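**Student:** Handing you a structure now.
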Amino acid sequence: MDAETRQSLSNPIPFAFEGRAEDYFAIWIVNLLFTILTLGVYSAWAKVRRLQFFYGNTRMAGDGFSYLARPVVLLRARLLVVAVLSLYIATLWFSPPVGFLLTLGFIPVYPWVIHRSLRFNTRMTVWRTVRFDWHGTYPQAFKVFVLWPVASILTLGIAFPFAARAMREYVANSQAFGHARFSAHTGIAEYYLAAGATLLVFLFGGGVIAAVLSVVLALLGFGWESETFVIGGAELIALLAAPLAAYAGGELFMVLTRNIVVNRLVLQPGHHFGCSLSGATIIWISVTNMLAILFSLGLLWPWAQVRRWRYLAEAMVLRPAGSLDHFIDSQHAAGVAVASEYADIEGYEVGL
């Protein structure tokens with residue numbers, strides 16, 4: 001490693017997010033109203049506008065990202081998905097045995113849908129006129145999104161960290177920036193530690209939530225000694241505590257595994273990434289966001305989304321192995337600059 005490379009790696013470039021909640025609120029309210037008025041047709045345009053706002057305001061080394069997808073492409077795919085789902089539901093209603101066979105038939109389709117969606121959205125993302133690319137394959141997706149989850153179930157969760165690592169590494173190692181490939185190779189012990197921390201948060205968080213709910217119900221006159229509490233209070237506590245604790249645990253596992261993979265992520269020829277997300281912070285953000293959305297009757301949804309996106313984005317840094325300008329020039333020289341018509345010729349985006 002030469003002196004210039006060492007100097008570059010020691011001077012990380014932080015990611016920044018410059019989007020404002022009030023700006024996104026204007027986009028969000030229009031998207032919501034038009035989607036309702038068009039019975040969902042406008043949702044394709046809504047997705048593009050939303051991602052253009054978040055990507056465009058996410059900046060690295062002074063430049064924002066771009067999302068080039070055309071809404072009509074998304075709409076075409078969504079209409080196809082709605083038609084297939086409608087046929088499936090009708091089949092379940094009129095002929096349950098045939099519907100069950102169709103359900104089994106959807107198992108190999110599921111990883112294909114994920115693979116196609118990841119491929120489309122990756123290829124629609126651009127930075128400094130160089131597009132990202134996708135090299136993942138359907139067999140890899142089938143292994144990650146079908147075989148590993150089945151193994152997790154059959155082992156009663158023991159293999160779950162392996163499944164999580166496979167998913168994270170599949171997404172990371174399948175991407176490229178121009179012709180430069182991303183790679184991340186992580187150890188399994190870290191995923192087991194993350195899973196253990198998540199389990200503790202779920203159990204402890206569930207206990208805390210249950211205790212708080214018990215106090216609230218007692219203040220409302222539904223104490224442990226009352227017949228009303230025995231009939232409905234315990235069920236209500238379990239109904240509320242378990243999902244909330246699971247949500248908090250899920251957020252914690254997300255940031256812990258994101259830290260693991262991003263801190264091992266390398267972009268050829270040696271650009272390293274870093275991520276310093278805090279589990280406690282993301283749980284605080286998620287819980288307070290949920291409360292804000294609830295008590296504002298949904299009006300603070302844009303604020304909550306901007307707040308969460310900003311935290312996730314600004315926890316990342318790039319440690320370049322040399323000049324970024326030279327790196328971008330090398331990608332342009334290799335012929336990977338984005339043509340204006342590229343988004344018009346891309347195939348289906350099949351995710352909803």
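Naming works like this for the structure tokens: A, B, ... for the chains as they're shown, residue 1 at the start of each chain, ligands 1 onward in shown order.
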Would you mind listing what lies within 12 Å of A:Val109 as a PyMOL selection string, with only C-alpha atoms counted and same-chain residues fewer than 6 positions away left out?

**Tutor:** chain A and resi 81+84+102-103+115-116+138-139+141-142+145-146+350-351

**Student:** Please provide the set of residues having any atom within 12 Å of A:Ile260, restricted to only C-alpha atoms, with same-chain residues fewer than 2 positions apart removed, written as number ranges by chain.

**Tutor:** A: 164-165, 168-169, 172, 184-194, 253-258, 262-265, 273-277

**Student:** Store the residues picked out above, limited to N, CA and C atoms, as a tab-separated table (two decimals), in the first residue's frame.

**Tutor:**
```
chain	number	residue	atom	x	y	z
A	164	ALA	N	-28.96	-15.05	7.73
A	164	ALA	CA	-28.78	-13.59	7.72
A	164	ALA	C	-27.49	-13.21	7.01
A	165	ARG	N	-26.41	-13.95	7.29
A	165	ARG	CA	-25.15	-13.66	6.62
A	165	ARG	C	-25.26	-13.90	5.12
A	168	ARG	N	-27.14	-10.92	3.55
A	168	ARG	CA	-26.34	-9.70	3.52
A	168	ARG	C	-25.22	-9.80	2.48
A	169	GLU	N	-24.52	-10.92	2.44
A	169	GLU	CA	-23.40	-11.06	1.51
A	169	GLU	C	-23.89	-11.19	0.07
A	172	ALA	N	-24.60	-7.62	-1.04
A	172	ALA	CA	-23.37	-6.84	-1.17
A	172	ALA	C	-22.51	-7.31	-2.34
A	184	ALA	N	-17.87	-8.28	0.16
A	184	ALA	CA	-17.90	-8.27	1.62
A	184	ALA	C	-17.88	-9.71	2.10
A	185	HIS	N	-16.94	-10.03	2.96
A	185	HIS	CA	-16.82	-11.37	3.52
A	185	HIS	C	-16.78	-11.24	5.04
A	186	THR	N	-17.79	-11.81	5.68
A	186	THR	CA	-17.98	-11.61	7.11
A	186	THR	C	-17.91	-12.93	7.87
A	187	GLY	N	-17.65	-12.84	9.17
A	187	GLY	CA	-17.58	-14.02	10.02
A	187	GLY	C	-18.92	-14.35	10.65
A	188	ILE	N	-19.18	-15.61	10.88
A	188	ILE	CA	-20.49	-16.04	11.39
A	188	ILE	C	-20.65	-15.71	12.87
A	189	ALA	N	-19.56	-15.64	13.63
A	189	ALA	CA	-19.67	-15.38	15.07
A	189	ALA	C	-20.36	-14.05	15.34
A	190	GLU	N	-20.10	-13.05	14.50
A	190	GLU	CA	-20.72	-11.73	14.70
A	190	GLU	C	-22.24	-11.80	14.54
A	191	TYR	N	-22.70	-12.64	13.64
A	191	TYR	CA	-24.15	-12.76	13.43
A	191	TYR	C	-24.80	-13.47	14.61
A	192	TYR	N	-24.11	-14.44	15.19
A	192	TYR	CA	-24.65	-15.09	16.38
A	192	TYR	C	-24.73	-14.12	17.55
A	193	LEU	N	-23.72	-13.26	17.69
A	193	LEU	CA	-23.76	-12.24	18.73
A	193	LEU	C	-24.92	-11.27	18.48
A	194	ALA	N	-25.12	-10.89	17.23
A	194	ALA	CA	-26.23	-9.99	16.90
A	194	ALA	C	-27.57	-10.65	17.19
A	253	PHE	N	-31.44	-5.90	15.10
A	253	PHE	CA	-30.74	-6.87	14.27
A	253	PHE	C	-30.37	-6.26	12.92
A	254	MET	N	-31.24	-5.41	12.41
A	254	MET	CA	-30.96	-4.75	11.13
A	254	MET	C	-29.70	-3.90	11.22
A	255	VAL	N	-29.58	-3.08	12.28
A	255	VAL	CA	-28.41	-2.19	12.34
A	255	VAL	C	-27.14	-2.96	12.68
A	256	LEU	N	-27.26	-3.98	13.52
A	256	LEU	CA	-26.07	-4.75	13.87
A	256	LEU	C	-25.51	-5.48	12.65
A	257	THR	N	-26.37	-6.11	11.87
A	257	THR	CA	-25.89	-6.82	10.69
A	257	THR	C	-25.47	-5.86	9.57
A	258	ARG	N	-26.09	-4.70	9.54
A	258	ARG	CA	-25.66	-3.68	8.56
A	258	ARG	C	-24.26	-3.20	8.90
A	262	VAL	N	-21.23	-3.66	6.15
A	262	VAL	CA	-20.69	-2.42	5.58
A	262	VAL	C	-19.24	-2.22	6.03
A	263	ASN	N	-18.92	-2.59	7.26
A	263	ASN	CA	-17.55	-2.44	7.73
A	263	ASN	C	-16.59	-3.43	7.07
A	264	ARG	N	-17.12	-4.39	6.33
A	264	ARG	CA	-16.28	-5.32	5.55
A	264	ARG	C	-16.40	-5.05	4.05
A	265	LEU	N	-17.17	-4.04	3.69
A	265	LEU	CA	-17.47	-3.80	2.28
A	265	LEU	C	-16.31	-3.09	1.59
A	273	PHE	N	-15.55	0.90	3.10
A	273	PHE	CA	-16.68	1.61	3.70
A	273	PHE	C	-16.70	1.36	5.20
A	274	GLY	N	-17.38	2.25	5.91
A	274	GLY	CA	-17.53	2.09	7.35
A	274	GLY	C	-18.95	2.45	7.75
A	275	CYS	N	-19.41	1.85	8.85
A	275	CYS	CA	-20.76	2.11	9.33
A	275	CYS	C	-20.75	2.04	10.86
A	276	SER	N	-21.35	3.04	11.50
A	276	SER	CA	-21.31	3.12	12.97
A	276	SER	C	-22.71	3.32	13.55
A	277	LEU	N	-23.65	2.52	13.10
A	277	LEU	CA	-25.01	2.61	13.61
A	277	LEU	C	-25.08	2.11	15.05
```

**Student:** Which polymer residues have any atom within 8 Å of an atom of stretch 28-44 of chain A, counting only C-alpha atoms, with same-chain residues fewer than 6 positions away left out, as a list in words?

**Tutor:** Arg50, Pro71, Val72, Leu74, Leu75 and Pro302 of chain A

**Student:** For stretch 325-332 of chain A, work out the shell of residues within 9 Å, counting only C-alpha atoms and skipping chain neighbours fewer than 4 positions away, then give it as an MDAnalysis selection string.

**Tutor:** chainID A and resid 128:130 177:180 269 336:337

**Student:** Please list as an mmCIF file with all heavy atoms, in the first residue's frame every residue within 12 Å of A:Gln305, counting only C-alpha atoms and excluding residues in the same chain fewer than 3 positions away.

**Tutor:**
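Writing done, so here's part34.cif:
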```cif
data_model
loop_
_atom_site.group_PDB
_atom_site.id
_atom_site.type_symbol
_atom_site.label_atom_id
_atom_site.label_comp_id
_atom_site.auth_asym_id
_atom_site.auth_seq_id
_atom_site.Cartn_x
_atom_site.Cartn_y
_atom_site.Cartn_z
ATOM 1 N N GLY A 19 -32.060 16.312 2.806
ATOM 2 C CA GLY A 19 -33.498 16.445 2.627
ATOM 3 C C GLY A 19 -34.181 17.015 3.865
ATOM 4 O O GLY A 19 -33.769 16.755 4.992
ATOM 5 N N ARG A 20 -35.242 17.791 3.651
ATOM 6 C CA ARG A 20 -35.996 18.389 4.747
ATOM 7 C C ARG A 20 -37.380 17.751 4.817
ATOM 8 O O ARG A 20 -37.991 17.435 3.790
ATOM 9 C CB ARG A 20 -36.134 19.895 4.550
ATOM 10 C CG ARG A 20 -34.804 20.640 4.444
ATOM 11 C CD ARG A 20 -35.035 22.146 4.474
ATOM 12 N NE ARG A 20 -35.997 22.547 3.437
ATOM 13 C CZ ARG A 20 -36.550 23.760 3.378
ATOM 14 N NH1 ARG A 20 -36.240 24.658 4.294
ATOM 15 N NH2 ARG A 20 -37.406 24.050 2.404
ATOM 16 N N ALA A 21 -37.866 17.582 6.043
ATOM 17 C CA ALA A 21 -39.164 16.932 6.245
ATOM 18 C C ALA A 21 -40.287 17.698 5.567
ATOM 19 O O ALA A 21 -41.203 17.095 4.996
ATOM 20 C CB ALA A 21 -39.440 16.786 7.740
ATOM 21 N N GLU A 22 -40.228 19.032 5.601
ATOM 22 C CA GLU A 22 -41.299 19.814 4.989
ATOM 23 C C GLU A 22 -41.339 19.636 3.479
ATOM 24 O O GLU A 22 -42.424 19.639 2.867
ATOM 25 C CB GLU A 22 -41.179 21.295 5.348
ATOM 26 C CG GLU A 22 -39.820 21.910 5.068
ATOM 27 C CD GLU A 22 -38.907 21.871 6.272
ATOM 28 O OE1 GLU A 22 -38.927 20.870 7.014
ATOM 29 O OE2 GLU A 22 -38.162 22.866 6.469
ATOM 30 N N TYR A 24 -40.359 16.859 1.891
ATOM 31 C CA TYR A 24 -40.904 15.521 1.636
ATOM 32 C C TYR A 24 -42.395 15.460 1.945
ATOM 33 O O TYR A 24 -43.127 14.698 1.297
ATOM 34 C CB TYR A 24 -40.151 14.477 2.448
ATOM 35 C CG TYR A 24 -40.645 13.076 2.185
ATOM 36 C CD1 TYR A 24 -40.731 12.585 0.874
ATOM 37 C CD2 TYR A 24 -41.058 12.247 3.220
ATOM 38 C CE1 TYR A 24 -41.205 11.316 0.613
ATOM 39 C CE2 TYR A 24 -41.529 10.970 2.970
ATOM 40 C CZ TYR A 24 -41.606 10.516 1.673
ATOM 41 O OH TYR A 24 -42.091 9.244 1.419
ATOM 42 N N PHE A 25 -42.855 16.251 2.918
ATOM 43 C CA PHE A 25 -44.292 16.263 3.225
ATOM 44 C C PHE A 25 -45.101 16.666 1.989
ATOM 45 O O PHE A 25 -46.149 16.067 1.700
ATOM 46 C CB PHE A 25 -44.589 17.229 4.374
ATOM 47 C CG PHE A 25 -46.050 17.279 4.749
ATOM 48 C CD1 PHE A 25 -46.580 16.367 5.636
ATOM 49 C CD2 PHE A 25 -46.895 18.233 4.195
ATOM 50 C CE1 PHE A 25 -47.932 16.396 5.975
ATOM 51 C CE2 PHE A 25 -48.243 18.272 4.519
ATOM 52 C CZ PHE A 25 -48.759 17.352 5.413
ATOM 53 N N TRP A 28 -45.103 13.714 -0.277
ATOM 54 C CA TRP A 28 -45.877 12.617 0.313
ATOM 55 C C TRP A 28 -47.368 12.852 0.228
ATOM 56 O O TRP A 28 -48.141 11.946 -0.136
ATOM 57 C CB TRP A 28 -45.446 12.435 1.767
ATOM 58 C CG TRP A 28 -46.273 11.468 2.538
ATOM 59 C CD1 TRP A 28 -46.211 10.108 2.490
ATOM 60 C CD2 TRP A 28 -47.306 11.785 3.488
ATOM 61 N NE1 TRP A 28 -47.134 9.553 3.350
ATOM 62 C CE2 TRP A 28 -47.811 10.557 3.976
ATOM 63 C CE3 TRP A 28 -47.826 12.983 3.977
ATOM 64 C CZ2 TRP A 28 -48.831 10.506 4.926
ATOM 65 C CZ3 TRP A 28 -48.840 12.941 4.919
ATOM 66 C CH2 TRP A 28 -49.334 11.713 5.386
ATOM 67 N N ARG A 50 -40.653 9.485 -4.574
ATOM 68 C CA ARG A 50 -40.119 9.273 -3.226
ATOM 69 C C ARG A 50 -38.625 8.927 -3.278
ATOM 70 O O ARG A 50 -37.812 9.511 -2.558
ATOM 71 C CB ARG A 50 -40.891 8.159 -2.530
ATOM 72 C CG ARG A 50 -40.324 7.759 -1.173
ATOM 73 C CD ARG A 50 -41.220 6.748 -0.491
ATOM 74 N NE ARG A 50 -41.381 5.531 -1.270
ATOM 75 C CZ ARG A 50 -40.550 4.503 -1.246
ATOM 76 N NH1 ARG A 50 -39.464 4.544 -0.481
ATOM 77 N NH2 ARG A 50 -40.773 3.429 -1.983
ATOM 78 N N LEU A 51 -38.260 7.971 -4.137
ATOM 79 C CA LEU A 51 -36.863 7.555 -4.208
ATOM 80 C C LEU A 51 -35.976 8.652 -4.799
ATOM 81 O O LEU A 51 -34.813 8.790 -4.411
ATOM 82 C CB LEU A 51 -36.735 6.264 -5.008
ATOM 83 C CG LEU A 51 -37.316 5.023 -4.326
ATOM 84 C CD1 LEU A 51 -37.129 3.793 -5.195
ATOM 85 C CD2 LEU A 51 -36.691 4.801 -2.958
ATOM 86 N N PHE A 53 -36.385 11.781 -4.287
ATOM 87 C CA PHE A 53 -36.149 12.720 -3.185
ATOM 88 C C PHE A 53 -35.069 12.188 -2.248
ATOM 89 O O PHE A 53 -34.108 12.898 -1.926
ATOM 90 C CB PHE A 53 -37.440 12.958 -2.405
ATOM 91 C CG PHE A 53 -37.245 13.710 -1.121
ATOM 92 C CD1 PHE A 53 -37.134 15.091 -1.115
ATOM 93 C CD2 PHE A 53 -37.149 13.034 0.099
ATOM 94 C CE1 PHE A 53 -36.933 15.793 0.063
ATOM 95 C CE2 PHE A 53 -36.949 13.723 1.281
ATOM 96 C CZ PHE A 53 -36.842 15.110 1.264
ATOM 97 N N PHE A 54 -35.210 10.934 -1.802
ATOM 98 C CA PHE A 54 -34.262 10.402 -0.836
ATOM 99 C C PHE A 54 -32.893 10.170 -1.452
ATOM 100 O O PHE A 54 -31.865 10.491 -0.838
ATOM 101 C CB PHE A 54 -34.807 9.113 -0.216
ATOM 102 C CG PHE A 54 -35.852 9.356 0.836
ATOM 103 C CD1 PHE A 54 -37.187 9.092 0.593
ATOM 104 C CD2 PHE A 54 -35.494 9.863 2.077
ATOM 105 C CE1 PHE A 54 -38.146 9.321 1.562
ATOM 106 C CE2 PHE A 54 -36.440 10.094 3.056
ATOM 107 C CZ PHE A 54 -37.772 9.826 2.796
ATOM 108 N N ILE A 285 -35.198 5.955 17.830
ATOM 109 C CA ILE A 285 -35.776 6.623 16.668
ATOM 110 C C ILE A 285 -37.038 5.902 16.205
ATOM 111 O O ILE A 285 -38.069 6.533 15.923
ATOM 112 C CB ILE A 285 -34.750 6.691 15.522
ATOM 113 C CG1 ILE A 285 -33.638 7.689 15.874
ATOM 114 C CG2 ILE A 285 -35.411 7.087 14.202
ATOM 115 C CD1 ILE A 285 -32.513 7.729 14.865
ATOM 116 N N SER A 286 -36.993 4.584 16.135
ATOM 117 C CA SER A 286 -38.131 3.812 15.637
ATOM 118 C C SER A 286 -39.342 3.933 16.560
ATOM 119 O O SER A 286 -40.471 4.129 16.102
ATOM 120 C CB SER A 286 -37.733 2.338 15.475
ATOM 121 O OG SER A 286 -36.666 2.207 14.563
ATOM 122 N N THR A 288 -39.991 6.315 18.911
ATOM 123 C CA THR A 288 -40.528 7.676 18.935
ATOM 124 C C THR A 288 -41.172 8.046 17.600
ATOM 125 O O THR A 288 -42.158 8.803 17.568
ATOM 126 C CB THR A 288 -39.429 8.687 19.294
ATOM 127 O OG1 THR A 288 -38.286 8.495 18.430
ATOM 128 C CG2 THR A 288 -38.995 8.517 20.742
ATOM 129 N N ASN A 289 -40.642 7.539 16.494
ATOM 130 C CA ASN A 289 -41.293 7.746 15.201
ATOM 131 C C ASN A 289 -42.692 7.144 15.196
ATOM 132 O O ASN A 289 -43.656 7.758 14.728
ATOM 133 C CB ASN A 289 -40.467 7.109 14.079
ATOM 134 C CG ASN A 289 -39.325 7.981 13.620
ATOM 135 O OD1 ASN A 289 -39.173 9.116 14.081
ATOM 136 N ND2 ASN A 289 -38.516 7.467 12.717
ATOM 137 N N MET A 290 -42.791 5.915 15.719
ATOM 138 C CA MET A 290 -44.087 5.239 15.753
ATOM 139 C C MET A 290 -45.088 6.008 16.604
ATOM 140 O O MET A 290 -46.259 6.173 16.222
ATOM 141 C CB MET A 290 -43.900 3.824 16.289
ATOM 142 C CG MET A 290 -45.169 2.981 16.323
ATOM 143 S SD MET A 290 -44.800 1.264 16.750
ATOM 144 C CE MET A 290 -43.896 1.466 18.296
ATOM 145 N N ALA A 292 -44.978 9.230 17.279
ATOM 146 C CA ALA A 292 -45.282 10.490 16.601
ATOM 147 C C ALA A 292 -46.310 10.287 15.494
ATOM 148 O O ALA A 292 -47.247 11.084 15.340
ATOM 149 C CB ALA A 292 -43.998 11.090 16.024
ATOM 150 N N ILE A 293 -46.142 9.223 14.729
ATOM 151 C CA ILE A 293 -47.101 8.923 13.660
ATOM 152 C C ILE A 293 -48.477 8.619 14.239
ATOM 153 O O ILE A 293 -49.509 9.084 13.736
ATOM 154 C CB ILE A 293 -46.599 7.739 12.814
ATOM 155 C CG1 ILE A 293 -45.334 8.142 12.054
ATOM 156 C CG2 ILE A 293 -47.668 7.255 11.835
ATOM 157 C CD1 ILE A 293 -44.622 6.979 11.391
ATOM 158 N N GLY A 298 -50.924 10.093 11.562
ATOM 159 C CA GLY A 298 -50.217 9.820 10.314
ATOM 160 C C GLY A 298 -49.559 11.019 9.663
ATOM 161 O O GLY A 298 -48.761 10.848 8.727
ATOM 162 N N LEU A 299 -49.834 12.237 10.138
ATOM 163 C CA LEU A 299 -49.306 13.426 9.467
ATOM 164 C C LEU A 299 -47.793 13.590 9.640
ATOM 165 O O LEU A 299 -47.151 14.283 8.850
ATOM 166 C CB LEU A 299 -50.020 14.680 9.984
ATOM 167 C CG LEU A 299 -51.494 14.801 9.581
ATOM 168 C CD1 LEU A 299 -52.108 16.053 10.190
ATOM 169 C CD2 LEU A 299 -51.631 14.837 8.053
ATOM 170 N N LEU A 300 -47.230 12.968 10.678
ATOM 171 C CA LEU A 300 -45.783 13.068 10.885
ATOM 172 C C LEU A 300 -45.023 11.914 10.224
ATOM 173 O O LEU A 300 -43.831 11.738 10.478
ATOM 174 C CB LEU A 300 -45.464 13.102 12.383
ATOM 175 C CG LEU A 300 -45.780 14.428 13.083
ATOM 176 C CD1 LEU A 300 -45.451 14.347 14.566
ATOM 177 C CD2 LEU A 300 -45.020 15.586 12.442
ATOM 178 N N TRP A 301 -45.697 11.161 9.363
ATOM 179 C CA TRP A 301 -45.027 10.082 8.634
ATOM 180 C C TRP A 301 -43.824 10.598 7.830
ATOM 181 O O TRP A 301 -42.735 10.010 7.902
ATOM 182 C CB TRP A 301 -46.015 9.365 7.729
ATOM 183 C CG TRP A 301 -45.410 8.319 6.858
ATOM 184 C CD1 TRP A 301 -44.910 8.483 5.598
ATOM 185 C CD2 TRP A 301 -45.197 6.935 7.183
ATOM 186 N NE1 TRP A 301 -44.423 7.296 5.107
ATOM 187 C CE2 TRP A 301 -44.584 6.330 6.064
ATOM 188 C CE3 TRP A 301 -45.477 6.157 8.303
ATOM 189 C CZ2 TRP A 301 -44.240 4.988 6.038
ATOM 190 C CZ3 TRP A 301 -45.129 4.812 8.278
ATOM 191 C CH2 TRP A 301 -44.523 4.240 7.157
ATOM 192 N N PRO A 302 -43.961 11.692 7.065
ATOM 193 C CA PRO A 302 -42.789 12.186 6.309
ATOM 194 C C PRO A 302 -41.633 12.573 7.227
ATOM 195 O O PRO A 302 -40.472 12.285 6.920
ATOM 196 C CB PRO A 302 -43.341 13.405 5.565
ATOM 197 C CG PRO A 302 -44.811 13.158 5.477
ATOM 198 C CD PRO A 302 -45.174 12.472 6.752
ATOM 199 N N ARG A 308 -35.359 8.893 10.006
ATOM 200 C CA ARG A 308 -34.736 7.568 9.991
ATOM 201 C C ARG A 308 -33.715 7.458 8.860
ATOM 202 O O ARG A 308 -32.617 6.931 9.045
ATOM 203 C CB ARG A 308 -35.822 6.504 9.835
ATOM 204 C CG ARG A 308 -35.314 5.067 9.990
ATOM 205 C CD ARG A 308 -36.482 4.091 9.908
ATOM 206 N NE ARG A 308 -36.089 2.756 10.302
ATOM 207 C CZ ARG A 308 -35.545 1.854 9.498
ATOM 208 N NH1 ARG A 308 -35.317 2.161 8.228
ATOM 209 N NH2 ARG A 308 -35.225 0.655 9.933
ATOM 210 N N TRP A 309 -34.078 7.931 7.674
ATOM 211 C CA TRP A 309 -33.172 7.854 6.526
ATOM 212 C C TRP A 309 -31.891 8.640 6.802
ATOM 213 O O TRP A 309 -30.790 8.183 6.483
ATOM 214 C CB TRP A 309 -33.862 8.397 5.272
ATOM 215 C CG TRP A 309 -33.065 8.220 4.012
ATOM 216 C CD1 TRP A 309 -31.962 8.924 3.636
ATOM 217 C CD2 TRP A 309 -33.306 7.272 2.961
ATOM 218 N NE1 TRP A 309 -31.506 8.497 2.409
ATOM 219 C CE2 TRP A 309 -32.313 7.487 1.975
ATOM 220 C CE3 TRP A 309 -34.271 6.289 2.751
ATOM 221 C CZ2 TRP A 309 -32.253 6.741 0.804
ATOM 222 C CZ3 TRP A 309 -34.212 5.550 1.578
ATOM 223 C CH2 TRP A 309 -33.214 5.771 0.620
ATOM 224 N N ARG A 310 -32.042 9.844 7.404
ATOM 225 C CA ARG A 310 -30.863 10.658 7.700
ATOM 226 C C ARG A 310 -29.908 9.910 8.636
ATOM 227 O O ARG A 310 -28.690 9.916 8.421
ATOM 228 C CB ARG A 310 -31.276 11.984 8.329
ATOM 229 C CG ARG A 310 -30.077 12.834 8.775
ATOM 230 C CD ARG A 310 -30.476 14.181 9.321
ATOM 231 N NE ARG A 310 -30.893 15.074 8.242
ATOM 232 C CZ ARG A 310 -32.136 15.477 8.040
ATOM 233 N NH1 ARG A 310 -33.097 15.058 8.852
ATOM 234 N NH2 ARG A 310 -32.434 16.280 7.038
ATOM 235 N N TYR A 311 -30.459 9.273 9.659
ATOM 236 C CA TYR A 311 -29.592 8.570 10.601
ATOM 237 C C TYR A 311 -28.858 7.413 9.920
ATOM 238 O O TYR A 311 -27.649 7.241 10.105
ATOM 239 C CB TYR A 311 -30.397 8.043 11.788
ATOM 240 C CG TYR A 311 -29.548 7.249 12.758
ATOM 241 C CD1 TYR A 311 -28.537 7.870 13.483
ATOM 242 C CD2 TYR A 311 -29.721 5.875 12.907
ATOM 243 C CE1 TYR A 311 -27.722 7.143 14.346
ATOM 244 C CE2 TYR A 311 -28.913 5.141 13.769
ATOM 245 C CZ TYR A 311 -27.920 5.777 14.480
ATOM 246 O OH TYR A 311 -27.105 5.053 15.323
ATOM 247 N N LEU A 312 -29.569 6.620 9.118
ATOM 248 C CA LEU A 312 -28.951 5.489 8.439
ATOM 249 C C LEU A 312 -27.891 5.946 7.447
ATOM 250 O O LEU A 312 -26.833 5.318 7.308
ATOM 251 C CB LEU A 312 -30.023 4.660 7.730
ATOM 252 C CG LEU A 312 -31.044 3.948 8.626
ATOM 253 C CD1 LEU A 312 -32.089 3.232 7.775
ATOM 254 C CD2 LEU A 312 -30.361 2.964 9.566
#
```

**Student:** Work out how far apart atom CA of A:Trp303 and atom CA of A:Tyr247 are and give it in Å to one decimal.

**Tutor:**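 Atom CA of A:Trp303 sits 19.5 Å away from atom CA of A:Tyr247.
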
**Student:** Which of stretch 39-276 of chain A end up as helix (DSSP H, G or I) when DSSP is run on this backbone - answer as a PyMOL selection string?

**Tutor:** chain A and resi 43-57+71-94+96-106+109-123+138-154+160-173+188-219+227-262

**Student:** May I ask for the distance between atom CA of A:Glu251 and atom CA of A:Val201, given in Å to one decimal place?

**Tutor:**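 Computing the Euclidean distance for atom CA of A:Glu251 and atom CA of A:Val201 yields 10.3 Å.
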
**Student:** Going by DSSP on the backbone, which residues of stretch 120-220 of chain A come out as strand (DSSP E or B)? List them as a ChimeraX atom specification.

**Tutor:** /A:125-127,130-134,175-177,180-183

**Student:** Restricting the calculation to only C-alpha atoms, which member of A:Ser296, A:Leu252, A:Thr122, A:Arg78 is positioned closest to A:Ile282?

**Tutor:** A:Leu252

**Student:** Measuring between only C-alpha atoms, which one of A:Val73, A:Leu154, A:Val317, A:Ile89 shows the shortest distance to A:His271?

**Tutor:**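 Result for the nearest residue to A:His271: A:Val317.
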
**Student:** Of the candidates A:Ser86, A:Gln140, A:Ser278, A:Thr198, which one gets nearest to A:Glu314 if we count only C-alpha atoms?

**Tutor:**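 The closest residue to A:Glu314 is A:Ser278.
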
**Student:** If you count only C-alpha atoms, which residues fall within 7 Å of stretch 63-69 of chain A, apart from same-chain ones fewer than 3 positions away, as a short mmCIF file (atom, residue, chain, number, x, y, z; two decimals) with C-alpha atoms, in the first residue's frame?

**Tutor:**
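Everything below was put into result-v3.cif:
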```
data_model
loop_
_atom_site.label_atom_id
_atom_site.label_comp_id
_atom_site.auth_asym_id
_atom_site.auth_seq_id
_atom_site.Cartn_x
_atom_site.Cartn_y
_atom_site.Cartn_z
CA VAL A 48 -40.24 7.19 -8.25
CA LEU A 51 -36.86 7.56 -4.21
CA GLN A 52 -35.72 10.53 -6.27
CA TYR A 55 -31.55 9.40 -3.30
CA GLY A 56 -31.04 12.91 -4.61
CA ASN A 57 -30.61 14.32 -1.11
CA THR A 58 -28.20 11.57 -0.06
CA ARG A 59 -24.78 12.97 -0.88
CA MET A 60 -21.25 11.63 -0.85
CA MET A 124 -31.60 2.48 -11.85
CA THR A 125 -29.23 4.04 -9.30
CA VAL A 126 -26.52 6.45 -10.46
CA TRP A 127 -23.74 8.49 -8.89
CA ARG A 128 -21.67 10.98 -10.88
CA ALA A 343 -34.11 3.85 -18.05
#
```
